[in-house]
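Visitor: What follows is structure.tsv, made up of TSV, C-alpha atoms:
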chain	number	residue	atom	x	y	z
A	707	MET	CA	0.00	0.00	0.00
A	708	LEU	CA	2.74	2.44	0.96
A	709	LYS	CA	4.71	1.58	-2.16
A	710	ARG	CA	1.69	2.35	-4.33
A	711	LEU	CA	1.16	5.57	-2.40
A	712	ARG	CA	4.76	6.64	-3.05
A	713	ILE	CA	4.47	5.75	-6.75
A	714	LYS	CA	1.21	7.71	-7.00
A	715	PHE	CA	2.83	10.70	-5.28
A	716	VAL	CA	5.81	10.63	-7.67
A	717	CYS	CA	3.57	10.20	-10.74
A	718	ILE	CA	1.40	13.17	-9.76
A	719	ASN	CA	4.45	15.35	-9.08
A	720	MET	CA	6.16	14.38	-12.32
A	721	THR	CA	2.97	14.92	-14.33
A	722	ILE	CA	2.68	18.44	-12.93
A	723	VAL	CA	6.40	19.11	-13.48
A	724	THR	CA	6.31	17.76	-17.04
A	725	ALA	CA	3.28	19.88	-17.88
A	726	MET	CA	4.92	22.98	-16.43
A	727	LEU	CA	8.18	22.34	-18.30
A	728	CYS	CA	6.31	21.81	-21.57
A	729	VAL	CA	4.34	25.03	-21.08
A	730	ILE	CA	7.43	27.05	-20.12
A	731	PHE	CA	9.64	25.77	-22.94
A	732	GLY	CA	6.73	25.96	-25.39
A	733	MET	CA	6.20	29.61	-24.53
A	734	ILE	CA	9.95	30.31	-24.84
A	735	LEU	CA	10.05	28.73	-28.30
A	736	HIS	CA	6.85	30.45	-29.39
A	737	PHE	CA	7.91	33.93	-28.32
A	738	THR	CA	11.46	33.47	-29.65
A	739	LYS	CA	10.19	32.33	-33.03
A	740	ASP	CA	7.67	35.18	-33.18
A	741	ASN	CA	10.33	37.70	-32.18
A	742	LEU	CA	12.73	36.50	-34.89
A	743	GLU	CA	9.94	36.61	-37.46
A	744	ILE	CA	8.92	40.12	-36.41
A	745	GLN	CA	12.51	41.34	-36.62
A	746	SER	CA	12.90	39.80	-40.08
A	747	ILE	CA	9.67	41.39	-41.35
A	748	GLN	CA	10.61	44.77	-39.85
A	749	MET	CA	13.95	44.57	-41.61
A	750	MET	CA	12.20	43.78	-44.89
A	751	HIS	CA	9.80	46.70	-44.46
A	752	THR	CA	12.75	48.95	-43.77
A	753	ILE	CA	14.49	47.75	-46.93
A	754	ALA	CA	11.33	48.20	-48.97
A	755	THR	CA	10.78	51.77	-47.80
A	756	THR	CA	14.34	53.11	-47.46
A	757	SER	CA	16.22	54.89	-50.18
A	758	VAL	CA	19.50	53.28	-49.08
A	759	LYS	CA	20.67	51.00	-51.78
A	760	PRO	CA	20.91	47.46	-50.43
A	761	GLY	CA	24.19	45.70	-50.51
A	762	ARG	CA	26.31	48.84	-50.12
A	763	PRO	CA	29.57	47.87	-48.32
A	764	ASN	CA	29.51	50.79	-45.86
A	765	ASP	CA	25.84	50.29	-44.91
A	766	HIS	CA	25.76	49.82	-41.12
A	767	SER	CA	21.99	50.08	-40.71
A	768	PRO	CA	20.98	48.00	-37.67
A	769	GLU	CA	17.83	46.77	-39.38
A	770	THR	CA	19.63	44.92	-42.18
A	771	LYS	CA	21.15	42.07	-40.21
A	772	LEU	CA	20.00	39.16	-42.42
A	773	PRO	CA	21.13	38.31	-45.98
A	774	PHE	CA	18.52	39.67	-48.38
A	775	PHE	CA	17.94	40.71	-51.97
A	776	THR	CA	15.26	42.70	-53.81
A	777	LEU	CA	13.48	42.21	-57.13
A	778	GLN	CA	11.42	44.67	-59.13
A	779	THR	CA	8.92	43.42	-61.72
A	780	GLY	CA	6.71	44.93	-64.35
A	781	GLN	CA	2.97	44.64	-64.76
A	782	LYS	CA	3.35	41.25	-66.47
A	783	ASN	CA	5.63	39.90	-63.73
A	784	GLU	CA	8.69	40.29	-65.88
A	785	LEU	CA	11.94	40.91	-64.01
A	786	ILE	CA	13.09	44.52	-64.34
A	787	SER	CA	15.86	44.94	-61.81
A	788	THR	CA	17.58	43.25	-58.87
A	789	GLY	CA	19.38	44.51	-55.78
A	790	GLY	CA	21.38	43.18	-52.84
A	791	GLY	CA	24.96	42.11	-52.46
A	792	PHE	CA	24.42	38.93	-50.46
A	793	TYR	CA	23.36	36.62	-53.30
A	794	ASP	CA	24.35	35.71	-56.83
A	795	LEU	CA	21.42	37.12	-58.82
A	796	SER	CA	22.59	35.99	-62.25
A	797	ASP	CA	20.19	33.03	-62.51
A	798	ASP	CA	17.19	34.59	-64.23
A	799	ILE	CA	15.26	31.30	-64.31
A	800	PHE	CA	15.51	30.96	-60.54
A	801	LEU	CA	14.55	34.59	-59.99
A	802	GLN	CA	11.54	34.24	-62.31
A	803	GLU	CA	10.45	31.15	-60.35
A	804	LEU	CA	10.53	33.20	-57.15
A	805	ILE	CA	8.48	35.94	-58.85
A	806	ASP	CA	5.87	33.43	-60.00
A	807	ILE	CA	5.61	31.87	-56.53
A	808	THR	CA	5.12	35.20	-54.75
A	809	SER	CA	2.72	36.50	-57.42
A	810	ALA	CA	0.52	33.41	-57.12
A	811	SER	CA	0.10	33.90	-53.36
A	812	ASP	CA	-2.73	35.97	-51.93
A	813	GLU	CA	-0.56	36.91	-48.94
A	814	HIS	CA	1.82	39.86	-49.16
A	815	ILE	CA	4.12	38.25	-46.58
A	816	GLY	CA	5.03	34.59	-46.67
A	817	THR	CA	7.77	31.99	-46.77
A	818	ILE	CA	9.26	29.76	-49.43
A	819	ASP	CA	10.35	26.78	-47.35
A	820	GLU	CA	12.09	25.06	-50.26
A	821	TYR	CA	14.71	27.84	-50.35
A	822	ASN	CA	14.49	29.01	-46.68
A	823	LEU	CA	13.33	32.44	-47.83
A	824	ARG	CA	10.79	34.89	-46.43
A	825	TYR	CA	9.31	37.41	-48.88
A	826	LEU	CA	7.55	40.74	-48.67
A	827	ARG	CA	5.52	41.86	-51.73
A	828	ILE	CA	4.48	45.44	-52.36
A	829	ASP	CA	2.13	45.94	-55.30
A	830	THR	CA	2.41	49.18	-57.31
A	831	PRO	CA	0.60	50.49	-60.41
A	832	PHE	CA	3.74	49.76	-62.37
A	833	GLY	CA	4.45	46.25	-61.06
A	834	LYS	CA	5.73	44.67	-57.87
A	835	ASN	CA	8.58	45.31	-55.47
A	836	LEU	CA	9.79	42.08	-53.79
A	837	VAL	CA	12.11	41.75	-50.79
A	838	PHE	CA	13.53	38.32	-49.90
A	839	ALA	CA	15.30	37.59	-46.60
A	840	ASP	CA	17.24	34.46	-45.72
A	841	MET	CA	15.66	32.33	-42.94
A	842	THR	CA	18.61	29.99	-42.40
A	843	SER	CA	19.95	31.71	-39.28
A	844	GLU	CA	16.41	32.05	-37.91
A	845	ILE	CA	15.75	28.33	-38.42
A	846	ASN	CA	19.13	27.41	-36.95
A	847	THR	CA	18.43	29.59	-33.91
A	848	VAL	CA	15.05	27.93	-33.33
A	849	ASN	CA	16.50	24.43	-33.85
A	850	SER	CA	19.36	25.19	-31.46
A	851	LEU	CA	16.85	26.51	-28.91
A	852	ILE	CA	14.75	23.33	-29.29
A	853	LYS	CA	17.82	21.17	-28.61
A	854	SER	CA	18.75	23.29	-25.60
A	855	CYS	CA	15.19	23.09	-24.26
A	856	LEU	CA	15.13	19.32	-24.72
A	857	LEU	CA	18.46	18.94	-22.91
A	858	ILE	CA	17.49	21.30	-20.10
A	859	GLY	CA	14.06	19.68	-19.89
A	860	PHE	CA	15.57	16.19	-19.65
A	861	LEU	CA	18.03	17.25	-16.94
A	862	SER	CA	15.27	19.11	-15.11
A	863	PHE	CA	13.04	16.05	-15.36
A	864	LEU	CA	15.74	13.87	-13.81
A	865	ALA	CA	16.39	16.43	-11.07
A	866	PHE	CA	12.71	16.74	-10.24
A	867	LEU	CA	12.36	12.95	-10.34
A	868	VAL	CA	15.07	12.59	-7.68
A	869	ILE	CA	13.49	15.37	-5.63
A	870	SER	CA	10.05	13.75	-6.00
A	871	LEU	CA	11.39	10.41	-4.82
A	872	LEU	CA	12.91	12.06	-1.76
A	873	LEU	CA	9.75	14.06	-1.14
A	874	ALA	CA	7.65	10.91	-1.53
A	875	ARG	CA	9.68	9.17	1.17
A	876	TRP	CA	9.39	12.21	3.42
A	877	ALA	CA	5.66	12.69	2.79
A	878	VAL	CA	4.79	9.02	3.27
A	879	LYS	CA	6.98	8.64	6.34
A	880	PRO	CA	4.21	9.65	8.81
A	881	VAL	CA	1.81	7.28	7.05
A	882	ASP	CA	4.43	4.53	7.15
A	883	LYS	CA	4.97	5.16	10.85
A	884	ALA	CA	1.23	5.15	11.56
A	885	TRP	CA	0.76	1.98	9.51
A	886	THR	CA	3.59	0.24	11.36
A	887	GLN	CA	2.19	1.36	14.70
A	888	GLN	CA	-1.26	0.15	13.72
A	889	LYS	CA	0.03	-3.29	12.76
A	890	GLN	CA	2.06	-3.47	15.95
A	891	PHE	CA	-0.95	-2.31	17.94
A	892	VAL	CA	-3.18	-5.03	16.46
A	893	ALA	CA	-0.50	-7.68	17.02
A	894	ASP	CA	0.09	-6.60	20.64
A	895	ALA	CA	-3.62	-6.33	21.40
A	896	SER	CA	-4.22	-9.78	19.95
A	897	HIS	CA	-1.37	-11.17	22.02
A	898	GLU	CA	-2.65	-9.57	25.21
A	899	LEU	CA	-6.18	-10.85	24.65
A	900	LYS	CA	-5.03	-14.33	23.72
A	901	THR	CA	-3.68	-15.23	27.19
A	902	PRO	CA	-6.82	-14.44	29.24
A	903	LEU	CA	-9.02	-16.01	26.56
A	904	THR	CA	-6.95	-19.17	26.71
A	905	VAL	CA	-7.26	-19.27	30.51
A	906	ILE	CA	-11.02	-18.68	30.32
A	907	MET	CA	-11.51	-21.41	27.70
A	908	THR	CA	-9.36	-23.87	29.64
A	909	ASN	CA	-11.21	-23.29	32.89
A	910	ALA	CA	-14.58	-23.46	31.13
A	911	GLU	CA	-13.61	-26.83	29.65
A	912	MET	CA	-12.53	-28.06	33.10
A	913	LEU	CA	-15.93	-27.06	34.50
A	914	GLN	CA	-17.56	-29.44	32.01
A	915	VAL	CA	-15.55	-32.43	33.21
A	916	PRO	CA	-17.90	-34.79	35.11
A	917	GLU	CA	-15.24	-35.60	37.71
A	918	CYS	CA	-14.85	-31.92	38.69
A	919	ASN	CA	-15.77	-31.45	42.34
A	920	LYS	CA	-17.32	-28.40	43.98
A	921	ALA	CA	-14.01	-26.96	45.20
A	922	ASP	CA	-12.46	-27.21	41.74
A	923	LYS	CA	-15.53	-25.65	40.16
A	924	GLU	CA	-15.26	-22.68	42.51
A	925	LYS	CA	-11.57	-22.35	41.70
A	926	PHE	CA	-12.19	-22.51	37.94
A	927	SER	CA	-15.10	-20.06	38.18
A	928	SER	CA	-12.98	-17.65	40.22
A	929	SER	CA	-10.22	-17.89	37.60
A	930	ILE	CA	-12.70	-17.19	34.80
A	931	LEU	CA	-14.04	-14.16	36.68
A	932	THR	CA	-10.54	-12.86	37.33
A	933	MET	CA	-9.55	-13.20	33.68
A	934	SER	CA	-12.82	-11.59	32.59
A	935	HIS	CA	-12.13	-8.55	34.76
A	936	GLN	CA	-8.61	-8.43	33.35
A	937	MET	CA	-9.93	-8.56	29.78
A	938	ARG	CA	-12.50	-5.90	30.57
A	939	GLY	CA	-9.78	-3.57	31.85
A	940	LEU	CA	-7.70	-4.19	28.74
A	941	VAL	CA	-10.62	-3.62	26.38
A	942	GLU	CA	-11.59	-0.41	28.18
A	943	SER	CA	-8.01	0.84	27.87
A	944	LEU	CA	-8.00	0.01	24.16
A	945	LEU	CA	-11.29	1.85	23.66
A	946	GLU	CA	-9.90	4.83	25.55
A	947	LEU	CA	-6.86	4.93	23.27
A	948	ALA	CA	-9.04	4.57	20.17
A	949	ARG	CA	-11.22	7.49	21.26
A	950	ILE	CA	-8.16	9.63	21.92
A	951	ASP	CA	-6.67	8.74	18.51
A	952	ASN	CA	-9.88	9.49	16.63
A	953	ASN	CA	-10.57	12.66	18.62
A	954	SER	CA	-14.02	11.23	19.24
A	955	ILE	CA	-13.86	12.47	22.83
A	956	LYS	CA	-15.06	16.05	22.90
A	957	ILE	CA	-12.93	17.35	25.75
A	958	ALA	CA	-14.77	20.20	27.43
A	959	LEU	CA	-12.05	22.49	28.72
A	960	ALA	CA	-12.88	24.68	31.69
A	961	PRO	CA	-10.90	26.43	34.42
A	962	ILE	CA	-10.17	23.94	37.23
A	963	ASP	CA	-8.22	24.09	40.49
A	964	PHE	CA	-5.34	21.77	39.66
A	965	SER	CA	-4.03	21.84	43.23
A	966	ARG	CA	-7.37	20.74	44.68
A	967	LEU	CA	-7.74	18.02	42.06
A	968	VAL	CA	-4.33	16.57	42.94
A	969	TYR	CA	-5.26	16.47	46.64
A	970	GLU	CA	-8.49	14.63	45.81
A	971	ALA	CA	-6.79	12.14	43.47
A	972	ILE	CA	-4.24	11.19	46.14
A	973	LEU	CA	-6.81	10.12	48.77
A	974	PRO	CA	-7.81	6.75	47.22
A	975	PHE	CA	-4.15	5.75	46.86
A	976	GLU	CA	-3.10	6.32	50.46
A	977	ALA	CA	-4.35	2.89	51.54
A	978	VAL	CA	-2.74	1.24	48.52
A	979	PHE	CA	0.64	2.79	49.28
A	980	PHE	CA	0.31	1.88	52.97
A	981	GLU	CA	-0.51	-1.73	52.11
A	982	LYS	CA	2.61	-1.98	49.92
A	983	GLU	CA	4.77	-0.40	52.65
A	984	LEU	CA	5.39	2.73	50.58
A	985	THR	CA	5.49	6.29	51.89
A	986	LEU	CA	3.70	8.88	49.77
A	987	ASN	CA	5.09	12.39	50.16
A	988	THR	CA	3.44	15.42	48.57
A	989	ILE	CA	4.72	18.90	47.73
A	990	ILE	CA	1.76	20.80	46.28
A	991	THR	CA	1.63	24.50	45.53
A	992	ASP	CA	-1.86	25.83	46.24
A	993	ASN	CA	-4.14	27.74	43.91
A	994	ILE	CA	-2.72	26.53	40.58
A	995	LYS	CA	-5.46	26.74	37.97
A	996	ILE	CA	-5.42	25.32	34.46
A	997	ASN	CA	-7.87	25.10	31.58
A	998	ALA	CA	-8.65	21.38	31.32
A	999	SER	CA	-11.10	18.51	31.57
A	1000	GLU	CA	-11.23	17.54	35.23
A	1001	SER	CA	-12.01	13.87	34.60
A	1002	HIS	CA	-9.13	13.42	32.16
A	1003	ILE	CA	-6.58	15.21	34.34
A	1004	ARG	CA	-7.71	13.08	37.28
A	1005	GLN	CA	-7.16	9.99	35.12
A	1006	LEU	CA	-3.64	11.17	34.27
A	1007	ILE	CA	-2.78	11.69	37.95
A	1008	GLU	CA	-4.11	8.22	38.79
A	1009	ILE	CA	-1.99	6.69	36.01
A	1010	PHE	CA	1.14	8.32	37.44
A	1011	LEU	CA	0.34	7.16	41.01
A	1012	ASP	CA	-0.63	3.65	39.91
A	1013	ASN	CA	2.57	3.34	37.90
A	1014	ALA	CA	4.63	4.47	40.92
A	1015	GLN	CA	3.04	2.01	43.38
A	1016	LYS	CA	3.55	-0.90	40.99
A	1017	TYR	CA	7.23	-0.36	40.30
A	1018	SER	CA	8.62	1.02	43.55
A	1019	PHE	CA	10.91	-0.95	45.81
A	1020	THR	CA	9.21	-1.98	49.05
A	1021	GLY	CA	9.82	0.38	51.95
A	1022	THR	CA	10.79	3.37	49.78
A	1023	ASP	CA	9.28	6.81	49.32
A	1024	VAL	CA	7.14	8.07	46.46
A	1025	THR	CA	7.05	11.84	46.02
A	1026	LEU	CA	4.35	13.78	44.17
A	1027	SER	CA	5.01	17.45	43.51
A	1028	LEU	CA	3.02	20.19	41.82
A	1029	LYS	CA	4.68	23.55	41.35
A	1030	ARG	CA	4.79	26.54	39.07
A	1031	ILE	CA	7.37	26.77	36.28
A	1032	GLY	CA	7.87	30.43	35.54
A	1033	LYS	CA	4.75	32.54	35.07
A	1034	LYS	CA	3.00	30.54	32.38
A	1035	HIS	CA	3.38	26.85	33.22
A	1036	CYS	CA	3.06	24.32	36.02
A	1037	LYS	CA	4.61	20.87	36.39
A	1038	LEU	CA	3.25	17.74	38.04
A	1039	SER	CA	5.92	15.13	38.86
A	1040	VAL	CA	5.78	11.72	40.51
A	1041	ASN	CA	9.09	10.04	41.36
A	1042	ASN	CA	9.78	6.70	42.95
A	1043	VAL	CA	12.75	4.49	43.80
A	1044	GLY	CA	12.84	1.50	41.48
A	1045	GLU	CA	14.74	-0.31	38.77
A	1046	PRO	CA	16.62	2.28	36.66
A	1047	ILE	CA	15.12	2.91	33.22
A	1048	SER	CA	17.61	2.90	30.36
A	1049	LYS	CA	17.83	5.70	27.82
A	1050	GLU	CA	16.39	3.43	25.14
A	1051	ASP	CA	13.45	2.52	27.36
A	1052	LEU	CA	12.84	6.19	28.17
A	1053	LYS	CA	12.38	6.86	24.45
A	1054	ASN	CA	9.83	4.09	24.08
A	1055	ILE	CA	8.10	4.00	27.45
A	1056	PHE	CA	5.06	5.96	26.22
A	1057	LYS	CA	4.51	3.58	23.29
A	1058	ARG	CA	1.55	1.25	23.49
A	1059	PHE	CA	2.15	-2.15	25.04
A	1060	TYR	CA	5.77	-1.25	25.66
A	1061	ARG	CA	7.15	-2.79	28.81
A	1062	VAL	CA	10.48	-2.05	30.45
A	1063	ASP	CA	9.95	-5.23	32.43
A	1064	LYS	CA	8.66	-7.98	30.17
A	1065	ALA	CA	6.86	-9.55	33.15
A	1066	ARG	CA	4.72	-6.47	33.75
A	1067	SER	CA	1.54	-8.18	32.55
A	1068	MET	CA	1.69	-10.37	35.64
A	1069	ASN	CA	0.58	-7.39	37.74
A	1070	HIS	CA	-2.25	-6.48	35.32
A	1071	SER	CA	-0.21	-3.88	33.45
A	1072	TYR	CA	-0.39	-3.85	29.67
A	1073	GLY	CA	1.74	-0.82	28.85
A	1074	LEU	CA	-1.29	1.29	27.93
A	1075	GLY	CA	-1.54	3.65	30.91
A	1076	LEU	CA	1.34	5.90	29.93
A	1077	SER	CA	0.11	5.96	26.32
A	1078	ILE	CA	-3.28	7.18	27.56
A	1079	ALA	CA	-1.54	9.76	29.76
A	1080	GLU	CA	0.44	11.00	26.78
A	1081	GLY	CA	-2.75	11.37	24.73
A	1082	ILE	CA	-4.42	13.32	27.54
A	1083	ALA	CA	-1.39	15.61	27.89
A	1084	HIS	CA	-1.29	16.36	24.17
A	1085	ASN	CA	-5.03	17.05	24.04
A	1086	HIS	CA	-4.50	19.65	26.78
A	1087	HIS	CA	-1.55	21.29	24.98
A	1088	GLY	CA	0.81	19.84	27.57
A	1089	LYS	CA	4.16	18.09	27.50
A	1090	ILE	CA	4.91	14.74	29.13
A	1091	TRP	CA	8.24	13.00	29.69
A	1092	ALA	CA	10.12	10.51	31.88
A	1093	GLU	CA	13.55	10.67	33.54
A	1094	SER	CA	15.72	8.19	35.40
A	1095	ALA	CA	18.79	9.08	37.45
A	1096	ASN	CA	20.46	7.73	40.59
A	1097	GLY	CA	17.87	5.00	40.97
A	1098	ILE	CA	14.96	7.47	40.97
A	1099	ASN	CA	12.41	7.32	38.15
A	1100	THR	CA	10.41	10.49	37.54
A	1101	PHE	CA	7.35	10.99	35.36
A	1102	SER	CA	6.38	14.59	34.68
A	1103	VAL	CA	3.74	16.54	32.79
A	1104	GLN	CA	3.65	20.27	32.14
A	1105	PHE	CA	0.56	22.38	31.43
A	1106	PRO	CA	-0.03	26.07	30.71
A	1107	ILE	CA	-1.65	27.81	33.68
A	1108	LEU	CA	-4.36	30.43	33.71
Give the structure from this file in structure tokens form.

Guide:
Amino acid sequence: MLKRLRIKFVCINMTIVTAMLCVIFGMILHFTKDNLEIQSIQMMHTIATTSVKPGRPNDHSPETKLPFFTLQTGQKNELISTGGGFYDLSDDIFLQELIDITSASDEHIGTIDEYNLRYLRIDTPFGKNLVFADMTSEINTVNSLIKSCLLIGFLSFLAFLVISLLLARWAVKPVDKAWTQQKQFVADASHELKTPLTVIMTNAEMLQVPECNKADKEKFSSSILTMSHQMRGLVESLLELARIDNNSIKIALAPIDFSRLVYEAILPFEAVFFEKELTLNTIITDNIKINASESHIRQLIEIFLDNAQKYSFTGTDVTLSLKRIGKKHCKLSVNNVGEPISKEDLKNIFKRFYRVDKARSMNHSYGLGLSIAEGIAHNHHGKIWAESANGINTFSVQFPIL
């Protein structure tokens, strides 16, 4: 699909470029040819109307740049006189042929392609005055220009082709990335759903065994219920991510007291931290207000706290801080003492289903929480990041304040 998209992009670009080159070079050739023709005709008019005798050696008139000669005929098209020093005018048969050709034409200005001549005919009561100008240099100029245009056009086509190929790669890169992420997302989601489904199916089959006693049935039923709750949590997280991706959630932004919201979000976690022998410390600056959706910001805070309680060493401290950053921003940070996160993991930790610890699914973590938090932060024009130093892992988010 992506290959076809790149090919289509290049074909459209090259079609536009080719059309533009054809129009540009066509106009150059057209105007050049017209200009040469106009100059030639002006020269012939000048010769026909001037009293300067053509062919004079010291004639430096700027209008007479092309080889030319003149013929004067009588009323019966008989040759009376000739003029011009650029041609051998001794062949009367040839000159009479030219007279007959120009006399037979209804146009006063025309060309004789057989001899590369342009003529100008002026009819008088006594006969005709004919001026002939050589078109060889004009034709050579046009032919040379055509060759130059073809060469420049070919080189330009190749240059634009290379540029189009590079642009196609650059333009399709976001699509390629999104397509890769989508395939990875489907594969990871399928993998995560496969394990609980397998457990549910296995336990359901065991319940149908006639030899299964009451205690085993209760155990199998409890396992099915546990896996069902686990699947429900996973599916809800997937739906949340899908809604964030599709912007189907209409986030109603309103001024909220961020400091108060943080205090409220902490309360349900105090028992959880106490049970896991963790100490939760808070450093919260009061009266920080932001423009946000209260429910989504609460969800982000809960993701940070849940992540901290899952991956902290027993008996250590977890610190949540909310403070102002300058006059326009505030920062919420949650840090805990745990396994150090490598630089490579820090780059990928907000990706879906990404796990620093490959055994994270054992504690009902699927690597979706931080992805949801990142989506919430971006939808609120915020910035989210993670840091790890000296055994302390810190997750932070920054928002503009009111």

Visitor: Closest to A:Asp992 among A:Ile1009, A:Val978, A:Cys1036, A:Ile730, using all atoms listed in the file?

Guide: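 Checking each of A:Ile1009, A:Val978, A:Cys1036, A:Ile730 against A:Asp992, counting all atoms listed in the file, the winner is A:Cys1036.
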
Visitor: Please list as a list in words every residue within 8 Å of A:Ser943, counting all atoms listed in the file and excluding residues in the same chain fewer than 2 positions away.

Guide: Gly939, Leu940, Val941, Leu945, Glu946, Leu947, Leu1074, Gly1075 and Ile1078 of chain A

Visitor: When you draw a straight line from atom CA of A:Val1043 to atom CA of A:Ala1014, how long is it in Å?

Guide: 8.6 Å

Visitor: Provide the atom CA of A:Phe1019 to atom CA of A:Leu986 distance in Å, to one decimal place.

Guide: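 These atoms are spaced 12.8 Å apart.
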
Visitor: What separation in Å, quoted to one decimal, exists between atom CA of A:Ser1048 and atom CA of A:Gly1021?

Guide: 23.1 Å

Visitor: Excluding same-chain residues fewer than 5 positions from stretch 968-977 of chain A, what lies within 8 Å of it counting all atoms listed in the file, as a list in words?

Guide: Leu986, Arg1004, Ile1007, Glu1008 and Leu1011 of chain A

Visitor: Need the shell around stretch 858-872 of chain A: protein/DNA/RNA residues with any atom at most 9 Å away, counting all atoms listed in the file. Skip same-chain ones fewer than 2 positions apart. Format as a PDB file with C-alpha atoms, in the coordinates of the input?

Guide:
ATOM      1  CA  ARG A 712       4.760   6.640  -3.050  1.00  0.00           C
ATOM      2  CA  ILE A 713       4.470   5.750  -6.750  1.00  0.00           C
ATOM      3  CA  PHE A 715       2.830  10.700  -5.280  1.00  0.00           C
ATOM      4  CA  VAL A 716       5.810  10.630  -7.670  1.00  0.00           C
ATOM      5  CA  CYS A 717       3.570  10.200 -10.740  1.00  0.00           C
ATOM      6  CA  ASN A 719       4.450  15.350  -9.080  1.00  0.00           C
ATOM      7  CA  MET A 720       6.160  14.380 -12.320  1.00  0.00           C
ATOM      8  CA  VAL A 723       6.400  19.110 -13.480  1.00  0.00           C
ATOM      9  CA  THR A 724       6.310  17.760 -17.040  1.00  0.00           C
ATOM     10  CA  LEU A 727       8.180  22.340 -18.300  1.00  0.00           C
ATOM     11  CA  CYS A 728       6.310  21.810 -21.570  1.00  0.00           C
ATOM     12  CA  PHE A 731       9.640  25.770 -22.940  1.00  0.00           C
ATOM     13  CA  LYS A 853      17.820  21.170 -28.610  1.00  0.00           C
ATOM     14  CA  SER A 854      18.750  23.290 -25.600  1.00  0.00           C
ATOM     15  CA  CYS A 855      15.190  23.090 -24.260  1.00  0.00           C
ATOM     16  CA  LEU A 856      15.130  19.320 -24.720  1.00  0.00           C
ATOM     17  CA  ALA A 874       7.650  10.910  -1.530  1.00  0.00           C
ATOM     18  CA  ARG A 875       9.680   9.170   1.170  1.00  0.00           C
ATOM     19  CA  TRP A 876       9.390  12.210   3.420  1.00  0.00           C
ATOM     20  CA  ALA A 877       5.660  12.690   2.790  1.00  0.00           C
TER      21      ALA A 877
END

Visitor: I need the residue nearest A:Ser746 from this list: A:Arg824, A:Lys1033, A:Lys834, A:Lys995. Use all atoms listed in the file for the distance.

Guide: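 Smallest separation from A:Ser746 among the options: A:Arg824.
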
Visitor: For N, CA, C and O atoms, please extract stretch 1031-1041 of chain A from the block and return it as a short mmCIF file (atom, residue, chain, number, x, y, z; two decimals), in the first residue's frame.

Guide:
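File produced: result.cif:
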data_model
loop_
_atom_site.label_atom_id
_atom_site.label_comp_id
_atom_site.auth_asym_id
_atom_site.auth_seq_id
_atom_site.Cartn_x
_atom_site.Cartn_y
_atom_site.Cartn_z
N ILE A 1031 6.14 26.65 37.06
CA ILE A 1031 7.37 26.77 36.28
C ILE A 1031 7.29 28.11 35.56
O ILE A 1031 6.61 28.25 34.54
N GLY A 1032 7.98 29.10 36.11
CA GLY A 1032 7.87 30.43 35.54
C GLY A 1032 6.50 31.01 35.80
O GLY A 1032 5.81 30.66 36.77
N LYS A 1033 6.04 31.87 34.90
CA LYS A 1033 4.75 32.54 35.07
C LYS A 1033 3.64 31.91 34.25
O LYS A 1033 2.47 32.21 34.47
N LYS A 1034 4.01 31.02 33.31
CA LYS A 1034 3.00 30.54 32.38
C LYS A 1034 2.75 29.04 32.46
O LYS A 1034 1.83 28.55 31.79
N HIS A 1035 3.53 28.30 33.22
CA HIS A 1035 3.38 26.85 33.22
C HIS A 1035 3.45 26.29 34.64
O HIS A 1035 3.95 26.94 35.56
N CYS A 1036 2.94 25.07 34.77
CA CYS A 1036 3.06 24.32 36.02
C CYS A 1036 3.49 22.89 35.66
O CYS A 1036 3.28 22.44 34.54
N LYS A 1037 4.11 22.23 36.64
CA LYS A 1037 4.61 20.87 36.39
C LYS A 1037 4.18 19.94 37.52
O LYS A 1037 4.37 20.24 38.70
N LEU A 1038 3.59 18.81 37.11
CA LEU A 1038 3.25 17.74 38.04
C LEU A 1038 4.26 16.62 37.85
O LEU A 1038 4.46 16.14 36.72
N SER A 1039 4.91 16.19 38.93
CA SER A 1039 5.92 15.13 38.86
C SER A 1039 5.64 14.08 39.93
O SER A 1039 5.24 14.41 41.05
N VAL A 1040 5.86 12.84 39.57
CA VAL A 1040 5.78 11.72 40.51
C VAL A 1040 7.06 10.93 40.36
O VAL A 1040 7.36 10.43 39.27
N ASN A 1041 7.85 10.81 41.44
CA ASN A 1041 9.09 10.04 41.36
C ASN A 1041 9.07 8.93 42.41
O ASN A 1041 8.46 9.06 43.46
#
